[in-house]
Amino acid sequence: MDIMHSVLASYGFNRDSYTIERFGNGLINDTCLVKKEGDRYILQRINKAVFSNPLLIAENIEKIGAYLAKINTSYFFTTPCKTLAGDSIVCVEDGYYRMFPFVSGSHTIDVVQTPQQAFEAAAQFGQFTRVLSGMDIHSINITLPAFHDLALRYNQFLEALVKGNAARIAEVAGLVQQLKEQAHIVDEYNHILHDNAFRLRVTHHDTKISNVLFDEENKGLCVIDLDTVMPGYFISDVGDMMRTYLCPVSEEEKDYSKIEIREEFYFAIVNGYKTFMETELTDTEKQYFFYAGKFMIYMQALRFITDYINNDVYYGARYPGHNLVRATNQSILLQRLLEKEPVFSAR
């Protein structure tokens, strides 16, 4: 806590003038709510174990803010508070911190419960990419190299099958075979990388529902947590929404009978995203909404099983077999999605 007091002093906050409390359920960054004389702020410590150079994040946010100011758009964008020295990020002994004003009347949602919520979130992520369509894509820093590189994840999976825990490899032979049979998803990804019809854009890359601010009427206000904003393809944002919105249970669910695809949520994502991206997407890209779901679910299944085979060195495990449960969960989710292809392709 003394470190946080030191950080807040950088913003000119007197130690006796504010209170601090934990805020939200984020898994990556530590987040606190700071209350000072009727005002509220969000203070975050950036996870340096995940983001090796947080200054790249700060630079991206500043560039985006400057671009939006230049084009004089009405788009609502949350910018970080400046320290007394004029910095947007504070470096102290335990890492990097940044602070944002709390948006009055706003709230976040942890779990998607209605198609309307899915629609609103998808519209916000689509609007974010659309409003930044005029930015020089090469001016945006890559904060997590190869984050959504499916070819890399598949190669890591194959390498784990050679170098990983032999007992675990034998244990998951059936699941490994199932995932290998879906390797054509990797082939499609490699095709996308070389098809000029697919455009690199400013994309968020972490489109879970909790990264959208909603107003008091549950209408989307804006997207938040811009740490993963990088050049990318639309399949990353749409795919992550499908992976996390379509099923009523998360990747942590052990009762696989609860895994299903909610059709109305699929169309809510597509229609919400198209609200702002209809004229931005190429005709070819518009044919890849269903693929986006396959792409992201398959990649996450690969990452979980790879980590399990490698003795849980990346995600860790809260109980024995945790990553195997996650990998199996995502593999089943992929199968449930594939079963819906005739329905989704017909509309």
# chains A, B, ... in the order shown; residues from 1 in each chain; ligands from 1

$ select_by_dssp --residues "region 11-236 of chain A" --states "strand (DSSP E or B)" --output "PyMOL selection string"
chain A and resi 18-22+30-36+39-46+90-92+95-101+107+201-203+212-214+220-223+230-232

$ write_last_selection --atoms "N, CA and C atoms" --output "short mmCIF file (atom, residue, chain, number, x, y, z; two decimals), in the first residue's frame"
data_model
loop_
_atom_site.label_atom_id
_atom_site.label_comp_id
_atom_site.auth_asym_id
_atom_site.auth_seq_id
_atom_site.Cartn_x
_atom_site.Cartn_y
_atom_site.Cartn_z
N TYR A 18 -7.61 10.79 0.41
CA TYR A 18 -8.25 9.79 -0.45
C TYR A 18 -8.32 8.44 0.26
N THR A 19 -9.12 7.54 -0.32
CA THR A 19 -9.20 6.15 0.14
C THR A 19 -8.96 5.24 -1.06
N ILE A 20 -8.49 4.03 -0.79
CA ILE A 20 -8.21 3.06 -1.85
C ILE A 20 -8.90 1.75 -1.51
N GLU A 21 -9.51 1.13 -2.53
CA GLU A 21 -10.10 -0.20 -2.35
C GLU A 21 -9.94 -1.01 -3.62
N ARG A 22 -9.90 -2.33 -3.47
CA ARG A 22 -9.79 -3.21 -4.63
C ARG A 22 -11.01 -3.03 -5.53
N ASP A 30 -3.62 -5.48 -11.63
CA ASP A 30 -4.22 -5.18 -10.33
C ASP A 30 -4.92 -3.83 -10.43
N THR A 31 -6.19 -3.79 -10.05
CA THR A 31 -6.98 -2.57 -10.21
C THR A 31 -7.57 -2.12 -8.88
N CYS A 32 -7.53 -0.82 -8.62
CA CYS A 32 -8.09 -0.24 -7.40
C CYS A 32 -8.97 0.96 -7.74
N LEU A 33 -9.91 1.23 -6.86
CA LEU A 33 -10.74 2.42 -6.96
C LEU A 33 -10.24 3.43 -5.93
N VAL A 34 -9.93 4.62 -6.40
CA VAL A 34 -9.44 5.68 -5.53
C VAL A 34 -10.54 6.74 -5.42
N LYS A 35 -10.90 7.09 -4.18
CA LYS A 35 -11.91 8.11 -3.93
C LYS A 35 -11.24 9.32 -3.27
N LYS A 36 -11.49 10.48 -3.88
CA LYS A 36 -10.85 11.70 -3.37
C LYS A 36 -11.81 12.88 -3.52
N ASP A 39 -14.52 12.79 -6.03
CA ASP A 39 -14.10 12.28 -7.34
C ASP A 39 -13.62 10.83 -7.19
N ARG A 40 -13.72 10.09 -8.26
CA ARG A 40 -13.28 8.70 -8.26
C ARG A 40 -12.33 8.44 -9.43
N TYR A 41 -11.37 7.56 -9.19
CA TYR A 41 -10.36 7.25 -10.20
C TYR A 41 -10.10 5.74 -10.19
N ILE A 42 -9.67 5.24 -11.34
CA ILE A 42 -9.24 3.84 -11.46
C ILE A 42 -7.72 3.82 -11.55
N LEU A 43 -7.10 3.15 -10.58
CA LEU A 43 -5.63 3.03 -10.55
C LEU A 43 -5.26 1.59 -10.85
N GLN A 44 -4.39 1.39 -11.83
CA GLN A 44 -3.99 0.04 -12.24
C GLN A 44 -2.48 -0.13 -12.21
N ARG A 45 -2.06 -1.31 -11.76
CA ARG A 45 -0.67 -1.71 -11.91
C ARG A 45 -0.60 -2.66 -13.09
N ILE A 46 0.17 -2.32 -14.09
CA ILE A 46 0.30 -3.14 -15.29
C ILE A 46 1.15 -4.37 -14.98
N VAL A 90 3.46 5.80 -14.39
CA VAL A 90 4.38 5.99 -13.27
C VAL A 90 5.17 4.71 -13.07
N CYS A 91 6.48 4.81 -13.04
CA CYS A 91 7.34 3.66 -12.80
C CYS A 91 7.88 3.72 -11.37
N VAL A 92 7.58 2.67 -10.60
CA VAL A 92 8.09 2.56 -9.23
C VAL A 92 8.73 1.19 -9.08
N GLY A 95 6.76 -1.93 -10.34
CA GLY A 95 6.18 -1.97 -11.67
C GLY A 95 5.69 -0.62 -12.16
N TYR A 96 4.74 -0.69 -13.09
CA TYR A 96 4.21 0.50 -13.74
C TYR A 96 2.74 0.70 -13.38
N TYR A 97 2.37 1.95 -13.13
CA TYR A 97 1.00 2.29 -12.77
C TYR A 97 0.46 3.35 -13.71
N ARG A 98 -0.87 3.33 -13.91
CA ARG A 98 -1.53 4.42 -14.63
C ARG A 98 -2.89 4.64 -13.98
N MET A 99 -3.46 5.83 -14.15
CA MET A 99 -4.73 6.18 -13.51
C MET A 99 -5.67 6.83 -14.51
N PHE A 100 -6.95 6.46 -14.42
CA PHE A 100 -7.98 7.02 -15.28
C PHE A 100 -9.09 7.62 -14.41
N PRO A 101 -9.74 8.67 -14.88
CA PRO A 101 -10.93 9.15 -14.17
C PRO A 101 -12.03 8.06 -14.25
N HIS A 107 -20.88 1.25 -15.77
CA HIS A 107 -20.64 -0.02 -15.08
C HIS A 107 -20.15 -1.04 -16.10
N ARG A 201 -5.93 -3.86 -39.16
CA ARG A 201 -6.59 -2.69 -38.60
C ARG A 201 -6.19 -2.55 -37.13
N VAL A 202 -6.55 -1.43 -36.54
CA VAL A 202 -6.36 -1.25 -35.10
C VAL A 202 -7.44 -2.08 -34.40
N THR A 203 -7.03 -3.16 -33.77
CA THR A 203 -7.99 -4.05 -33.12
C THR A 203 -7.64 -4.22 -31.64
N VAL A 212 -16.00 -3.54 -21.83
CA VAL A 212 -16.91 -2.53 -22.36
C VAL A 212 -17.56 -1.80 -21.20
N LEU A 213 -17.61 -0.48 -21.27
CA LEU A 213 -18.36 0.29 -20.29
C LEU A 213 -19.79 0.47 -20.79
N PHE A 214 -20.76 0.23 -19.90
CA PHE A 214 -22.17 0.43 -20.21
C PHE A 214 -22.71 1.60 -19.39
N GLY A 220 -23.93 0.59 -24.67
CA GLY A 220 -22.48 0.67 -24.66
C GLY A 220 -21.97 2.09 -24.73
N LEU A 221 -20.96 2.40 -23.92
CA LEU A 221 -20.34 3.73 -23.91
C LEU A 221 -19.02 3.74 -24.68
N CYS A 222 -18.15 2.79 -24.36
CA CYS A 222 -16.83 2.74 -24.98
C CYS A 222 -16.14 1.45 -24.56
N VAL A 223 -15.01 1.16 -25.18
CA VAL A 223 -14.20 0.01 -24.78
C VAL A 223 -13.10 0.51 -23.87
N MET A 230 -3.49 -3.51 -30.84
CA MET A 230 -2.37 -3.72 -31.77
C MET A 230 -2.91 -3.82 -33.19
N PRO A 231 -2.05 -3.80 -34.18
CA PRO A 231 -2.50 -4.14 -35.52
C PRO A 231 -2.98 -5.59 -35.55
N GLY A 232 -4.09 -5.84 -36.19
CA GLY A 232 -4.62 -7.20 -36.23
C GLY A 232 -5.74 -7.35 -37.24
#

$ atom_distance --atom1 "CA of Leu56 (chain A)" --atom2 "CA of Asp227 (chain A)"
8.9 Å

$ closest_residue --among "A:Glu285, A:His322, A:Ser17, A:Ser210" --to "Ala118 (chain A)" --atoms "only C-alpha atoms"
A:Ser210

$ residues_around --residues "region 65-68 of chain A" --least-positions-apart "3" --cutoff "10 Å" --atoms "only C-alpha atoms" --output "PyMOL selection string"
chain A and resi 59-62+71-80+131-132+134-136

$ residues_around --residues "Glu251 (chain A)" --least-positions-apart "4" --cutoff "9 Å" --atoms "only C-alpha atoms" --output "ChimeraX atom specification"
/A:244,325-330,333

$ write_last_selection --atoms "N, CA and C atoms" --output "CSV table (one decimal), in the first residue's frame"
chain,number,residue,atom,x,y,z
A,244,THR,N,-16.3,-16.1,-26.0
A,244,THR,CA,-16.7,-15.8,-24.6
A,244,THR,C,-18.1,-15.4,-24.5
A,325,VAL,N,-8.9,-29.8,-18.2
A,325,VAL,CA,-10.3,-29.4,-18.1
A,325,VAL,C,-10.6,-28.3,-19.1
A,326,ARG,N,-9.8,-27.2,-19.0
A,326,ARG,CA,-10.0,-26.1,-19.9
A,326,ARG,C,-9.9,-26.5,-21.4
A,327,ALA,N,-8.8,-27.3,-21.7
A,327,ALA,CA,-8.6,-27.7,-23.1
A,327,ALA,C,-9.8,-28.6,-23.6
A,328,THR,N,-10.3,-29.5,-22.8
A,328,THR,CA,-11.4,-30.3,-23.1
A,328,THR,C,-12.7,-29.5,-23.3
A,329,ASN,N,-12.9,-28.5,-22.4
A,329,ASN,CA,-14.0,-27.6,-22.5
A,329,ASN,C,-14.0,-26.9,-23.9
A,330,GLN,N,-12.8,-26.3,-24.2
A,330,GLN,CA,-12.8,-25.6,-25.5
A,330,GLN,C,-12.9,-26.4,-26.7
A,333,LEU,N,-16.5,-27.0,-27.0
A,333,LEU,CA,-17.1,-25.8,-27.5
A,333,LEU,C,-16.9,-25.7,-29.1

$ atom_distance --atom1 "CA of Lys208 (chain A)" --atom2 "CA of Gln113 (chain A)"
12.7 Å
